[in-house]
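Below you'll find the structure, written out as structure tokens, and then a few comments.
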Amino acid sequence: MVPSLTEGSQQRWLLTLLMLVIVALSLVPSLRLLMEALGDLAQGSEAPLWRVLQAESTWRALWRSLYTSGLGMLIALVLGSLFAFVITLTDIRGKAWLVFCFMLPMMIPPQVTALSWLQLFGPASPLLKSIGMAPPLGSPQPLHSAEGIALLLGIQSAPLVFLALRTSLLSLPRELVEAARISGARQAQVWGQIILPVTRGGLIAGGAMAFISSLGNFGIPAMLGIPAGYYVLPTLIYQRMASFGTGMLAEMASLSLLIGVLALAGVALQQAWMKRSRFGLMGHSGRAHDFSLGRWRGGVTAVLVAVLLAILVAPLAALVVSSLVPAVGVPLSLESATLAAYHEVIGRQGATWRAVRNSLWLAGGAALMLVLCSLPLAYRLLRLPRRWQSLALGAIELPYALPGVVLAVACILLFVRPIPLVNVALYGTLGLIFVAYLMRFLVVCLKPVAASLAQLDPSLEEAAQLAGAGPWRRLGGIVLPLVAPALFAGGLLVFLLAVNELTVSALLWSAGNETLGVLIFNLAEGGESVLAAAVSVLVVALVAALMLCLSLLAPYLPKGVVPWQG
Amino acid sequence: MAGLMIDRVTKRFGEQVAVDALSLDVAPGQFVALLGPSGCGKTTMLRMLAGFEALSEGEIRLGGRTLASREQHVPPERRHMAMVFQSYALWPHMSVADNVGYPLKVRRLEGDAYRRRVAQALDLVDLAAYAERSPQELSGGQRQRVALARCLVADPDVVLLDEPLANLDRHLRAAMELSFRDFHRRTGATMIYVTHDQSEAMSLADRIAVMRDGRLEQWATPEALYRQPRSAWVASFIGQGSLLQVAAGRPGQRLEEDTLMRGLAAVAAERTQPVLVRPEHVMLLPELSSQRGLRARVESATFRGERYELHLRLESGEALLAYHHAALVEGQEVALLLREGWCLEPDR
Amino acid sequence: MQQRPLTTVLSISVVLAGLALPALASEKLVLYTSQPNSDAQQTVDAFRAAHPDVEVEWVRDGTTQLMTRLRSELSAGVSNPDVLLIADSMTMESLKREGHLQAYLSPEREAYAAELYDPQGYYYGTKLITTGIVYNTGAERQPQSWQELTQPEYSGQVTMPSPLYSGAALIHMAAIEAHPELGEGYYEALQANRTEAQGGNGGVFNAVAAGSKPYGIVVDFLPIREAAKGSPVAFVFPEEGVSAVTEPVAIMQGARNLEAAQKFVDFVLSLEGQALVSEQGYLPAHPEVAPPEGFPARDGIVLMPLDTQSALAREAELKQRFGELFGS
């Protein structure tokens with residue numbers, strides 16, 4: 001179906017080389033961990049690997065990981081598809097704002113989201129106090145539970161489902177819906193019998209990303225699960241880290257292997273399901289179909305706005321409130337409100353600006369580099385035989401599936417000595433975090449590009465070939481413009497995820513190289529929560545400003561690039 | 001069966017007028033073609049009939065029921081129509097049988113009755129053996145027939161067809177034309193057929209609406225369109241012919257040989273009436289030396305299998321198309337007679 | 001387009017090389033510390049003011065992450081830091097046992113009480129961070145002793161840090177268990193009283209200040225500092241006494257810049273360094289330096305005795321028991 005690369009051509013060689021390098025780089029951290037985990041096997045049953053596999057806590061945490069990630073994935077699917085369907089396929093008003101606000105929570109670090117929700121539902125909640133429903137001091141916190149974790153995980157990864165599904169929906173040919181309508185199907189039947197099954201691929205891809213990102217999420221289970229004694233694999237790893245014993249690294253590596261296996265199983269399952277859902281969607285899909293909501297419009301808009309209020313406005317408001325008080329626990333009033341925290345972080349602590357610069361540099365650089373690599377990589381990957389393709393994709397998926405702390409440990413083990421031959425010392429520099437980000441976020445950029453390429457009509461490239469365009473020219477002049485929206489969407493996603501990234505950089509940073517996520521975390525951990533809240537608000541404002549800039553640039557970019565416009 | 005009434009329907013897209021006060025009265029069971037070049041508004045009109053576009057002005061009525069007007073818009077799922085799309089619009093996740101049976105499923109028909117009607121429809125288009133296949137496995141012509149079967153099954157009042165033969169090769173097109181005619185005869189449904197191909201329209205339709213820039217140019221049977229086109233533009237769109245200026249006749253009048261020949265012989269300033277002369281009405285005289293006849297020179301001769309097409313140039317400089325059974329040499333002088341001509345309205 | 005893969009490779013190398021250059025720096029002191037960000041910055045700044053010729057590169061992380069980082073580096077055979085300034089002496093003791101530290105008999109140690117530093121000079125305590133009781137000023141009761149927290153009135157209302165994450169909490173657990181009156185049954189009693197175990201002290205403080213749990217067990221400087229800013233909390237030094245961590249400083253065995261490392265140790269132990277400690281809101285270890293505002297006088301604080309050696313021996317057992325009690 002896909003035109004193959006000419007045997008022996010220069011393009012084939014270079015692309016294959018690039019692909020091998022990238023796949024190798026993705027595998028290397030996992031292999032290093034594997035080495036570490038298997039290192040002490042000689043100790044027999046006392047070996048860290050066996051200890052971990054035999055401990056009851058391991059299997060309990062494994063089951064809990066699956067449960068919370070699975071439930072979180074379902075929640076993400078519901079939220080994400082609600083927004084994707086309504087915004088892409090109906091004539092609801094204010095689409096640009098709705099999407100903008102829906103994607104904003106992704107930019108708030110998960111720990112901060114968890115914290116603000118905790119405060120929202122706690123006894124000191126300004127919201128609950130004002131409506132007189134604040135629970136008495138010390139009552140049990142409903143969010144400290146498996147369901148609470150799953151809820152926040154779902155909210156955090158809903159934008160991933162949204163983006164994946166939206167791409168699928170935009171390529172749904174108008175005629176398929178019209179044929180159903182003229183056959184007499186009412187709107188509900190069209191949704192359930194035509195639209196959902198045909199765009200199954202987007203749902204599956206989004207759901208898989210949500211599941212895997214929930215699996216490796218540390219911040220939310222740390223904030224909500226630890227106080228309840230509810231451990232999942234990433235927090236169990238963190239606990240093992242705290243034991244400082246000599247077998248600690250091996251135990252951490254063994255637990256990470258478990259997570260890696262789970263993630264790979266998830267990827268395999270996803271690919272099996274996708275096989276049955278891959279429809280070559282031909283047809284004039286110039287414009288997606290517009291369902292008229294009619295008298296439902298008000299109700300649907302209200303539902304969406306309510307969801308946004310819950311997942312965005314409330315946490316943001318809590319964040320802003322907690323940045324304006326002089327100290328934690330002081331109720332906010334006109335007298336107590338102060339901008340002292342902002343003065344402190346903007347004016348006095350040079351760390352803030354350094355962190356902003358570092359994070360923007362890292363996130364922007366990683367996004368740019370991954371955008372450059374994704375197209376040639378996906379192009380080559382799609383022309384591999386099916387089995388190799390699955391293996392390669394699985395290998396690339398791993399660094400994202402592993403919890404950040406584990407990837408960081410692997411990077412330390414790999415890079416603590418200068419790289420041989422080149423003799424470049426990455427350790428202790430921003431470069432190390434950069435490399436870790438590249439490894440981690442590659443799959444985030446690659447997935448939408450690969451999906452877009454797979455849907456490309458091969459006759460487009462063949463026509464160019466006949467016209468005399470060589471392979472590189474075709475790649476640059478035909479394929480690239482058509483895939484550009486997916487490329488930019490992937491790059492944007494990488495940028496948003498990287499700017500707030502915490503768990504990887506937490507272990508890899510050093511003085512002068514802190515990222516925004518690390519800065520916020522350090523401030524919060526050290527008891528300076530007001531400052532942490534102030535920096536968080538600044539981060540949100542910064543990224544929102546960047547997104548607005550992107551909106552202003554939208555007329556000059558290819559259509560569909562900016563997810564919340566057009 | 002109810003008649004379809006299109007009453008001064010107008011559609012505007014912002015500043016642009018896509019359909020301009022179109023009025024048609026379709027009798028029940030008629031096969032109507034909307035014919036015109038790209039951009040003439042025929043597809044927009046079809047989509048308004050289906051209910052996918054709302055009209056800006058005017059009314060659409062089926063029988064006594066108003067389907068669309070400025071205040072009202074009945075959605076497509078309640079119009080009881082069927083449509084064959086240019087891209088066939090077969091759902092990729094359903095089998096052929098499921099595709100065909102979908103309108104029945106939506107009307108909650110199940111069990112034996114359902115299966116029987118699906119089988120019947122598939123038999124009619126000769127695709128019973130492919131019932132369990134998926135649409136991706138079929139060829140273009142087969143998909144076309146599945147789409148047709150899907151229309152059959154619902155027993156609709158009106159069947160809409162959007163350039164359904166555009167993606168098929170010549171022989172298949174001929175075979176499908178037969179299928180459509182058969183379909184029409186069998187069901188007696190009112191059929192609205194959009195096309196830019198005039199030979200298709202002529203062979204299939206009972207009446208043709210020729211459209212240009214959103215407006216109705218002529219609404220007539222194929223014979224009438226061919227023999228009595230209203231304007232020069234319609235004349236050039238339908239069939240082949242030549243336009244000559246003569247000093248005789250009024251628009252809408254048929255000129256016989258004598259009048260025509262005399263009108264041609266007149267002085268240039270008096271020759272103000274455009275006349276359509278079809279190539280089959282141009283007779284080449286066997287001898288050049290004869291006194292009768294117009295003089296012309298052969299510019300080119302094209303072999304068409306059943307005859308030669310001759311492009312001739314008259315002394316007055318006008319071009320003339322004629323048919324001939326034998327080949328003629330370029331530059332050869334010939335004498336010819338014009339049997340009849342049709343007077344056209346001047347172009348707007 | 002033809003050169004794209006090449007350009008990509010080239011640009012990667014250039015970027016990496018450029019970023020890595022700062023790492024190939026000259027003579028400097030590398031400090032690993034678990035102090036909060038701003039405290040660490042102030043300490044380094046003060047040291048550099050006193051010793052302008054020494055460049056300091058410092059890494060700040062929670063004790064857990066810091067030790068993971070250290071262990072990974074050591075496991076790969078690389079010793080990065082010159083000095084450590086981390087939360088608790090038990091961790092230092094274990095590092096000493098494994099031979100990662102080197103002894104240095106600082107002249108400043110004369111002024112200190114003997115139990116505050118390792119006799120052979122492997123590590124020195126720099127401050128006294130005690131663990132006591134904090135309560136929200138809107139709460140019903142004001143607990144004054146550890147025993148009170150096990151009473152039924154406090155059921156489900158108390159939160160505390162976990163020894164699995166916090167060095168101070170670990171020392172606290174060891175000290176409580178060594179106490180004749182409270183002893184081993186204390187933590188079981190806490191668990192039976194539905195006490196909640198948070199991650200670190202920051203989390204405990206936030207919970208109490210925000211009001212989700214009205215009472216907590218937390219390190220002293222947090223509530224005392226924040227109460228001064230208006231936070232609705234109050235800190236209590238309980239009747240039975242408090243446990244203390246000393247945030248020791250030590251020199252790594254593989255230190256590259258031994259001279260600068262020793263200067264650092266001397267600075268932190270000097271009157272100047274200790275005055276800075278007091279400014280930052282901690283109880284200084286040096287007996288002659290005045291404690292900060294909000295703290296009682298030094299002799300007013302009762303310390304629960306703790307034998308670091310035996311505590312270290314029981315470390316794994318303590319953590320395991322805690323983990324079993326409070327879930328994992």
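Ligands are numbered from 1 in the order shown, chains are lettered A, B, ... in the order of the structure tokens, and residues start at 1 in each chain.
The residues of range 68-239 of chain B that DSSP assigns to strand (DSSP E) on this backbone come out as Ala68, Met81, Ala82, Met83, Val84, Val158, Val159, Leu160, Leu161, Asp162, Thr190, Met191, Ile192, Tyr193, Val194, Thr195, Arg207, Ile208, Ala209, Val210, Met211, Arg212, Arg215, Leu216, Glu217, Gln218, Trp219 and Ala220 of chain B.
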Within 6 Å of range 292-294 of chain B using only C-alpha atoms, minus same-chain residues under 5 positions, as an MDAnalysis selection string
chainID B and resid 335:337
10 Å contact set for Ser270 in chain C, only C-alpha atoms, chain neighbours under 2 positions out, as number ranges by chain
C: 107-109, 111, 126, 264-268, 272-276, 286
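Straight-line separation from CA of Ala209 in chain B to CA of Asp182 in chain B: 21.8 Å.
Those residues that approach Arg339 in chain B to within 10 Å, counting only C-alpha atoms, are B:Leu255, B:Glu256, B:Glu257, B:Asp258, B:Thr259, B:Leu260, B:Met261, B:Val277, B:Arg278, B:Pro279, B:Glu280, B:His281, B:Val282, B:Met283; same-chain residues fewer than 6 positions away are not listed.
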Those residues with C-alpha atoms, as a PDB file, in the first residue's frame please?
ATOM      1  CA  LEU B 255     -35.610  27.503 -41.207  1.00  0.00           C
ATOM      2  CA  GLU B 256     -35.949  25.258 -44.246  1.00  0.00           C
ATOM      3  CA  GLU B 257     -33.279  24.806 -46.824  1.00  0.00           C
ATOM      4  CA  ASP B 258     -34.296  27.549 -49.224  1.00  0.00           C
ATOM      5  CA  THR B 259     -34.808  30.232 -46.642  1.00  0.00           C
ATOM      6  CA  LEU B 260     -31.584  29.285 -44.979  1.00  0.00           C
ATOM      7  CA  MET B 261     -29.519  29.334 -48.099  1.00  0.00           C
ATOM      8  CA  VAL B 277     -26.890  24.085 -38.058  1.00  0.00           C
ATOM      9  CA  ARG B 278     -26.289  20.475 -36.925  1.00  0.00           C
ATOM     10  CA  PRO B 279     -23.602  18.531 -38.856  1.00  0.00           C
ATOM     11  CA  GLU B 280     -26.126  15.903 -39.960  1.00  0.00           C
ATOM     12  CA  HIS B 281     -28.023  18.652 -41.795  1.00  0.00           C
ATOM     13  CA  VAL B 282     -24.998  19.615 -43.868  1.00  0.00           C
ATOM     14  CA  MET B 283     -25.021  17.802 -47.222  1.00  0.00           C
TER      15      MET B 283
END
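Residues lying within 10 Å of range 13-17 of chain B, counting only C-alpha atoms and ignoring same-chain neighbours fewer than 2 positions away, are Thr10, Lys11, Val19, Asp20, Ala21, Gly41, Ser56, Asp213, Gly214 and Arg215 of chain B.
Applying a distance limit of 6 Å to only C-alpha atoms, the residues of chain A near chain B read A:Glu175, A:Leu176, A:Arg181, A:Ile182, A:Ser183, A:Gly184, A:Ala185, A:Gly283.
For range 242-244 of chain B, the set of protein, DNA and RNA residues having any atom at most 9 Å away, when counting only C-alpha atoms and skipping those fewer than 4 positions along the same chain, is Ala232, Ala235, Ser236, Leu264, Arg271, Gln273, Pro274, Val275, Leu276, Val277, Arg278, Pro279, Glu318, Ala319, Leu320, Leu321 and Ala322 of chain B.
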Check the DSSP output for the backbone and give back, as a PyMOL selection string, the residues of range 169-332 of chain B in alpha helix (DSSP H).
chain B and resi 170-187+198-204+222-227+232-237+257-265
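In this model, the gap between CA of Ile212 in chain A and CA of Tyr437 in chain A comes to 16.7 Å.
With CA of Leu163 in chain A on one side and CA of Arg276 in chain A on the other, the separation reads 21.1 Å.
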Which of these residues is nearest to chain C, using only C-alpha atoms: A:Asn500, A:Ser65, A:Asn513, A:Ser171?
A:Asn513
Ala314 in chain A proximity check over A:Ser536, A:Ser551, A:Thr113, A:Thr167, using only C-alpha atoms: winner is A:Thr113
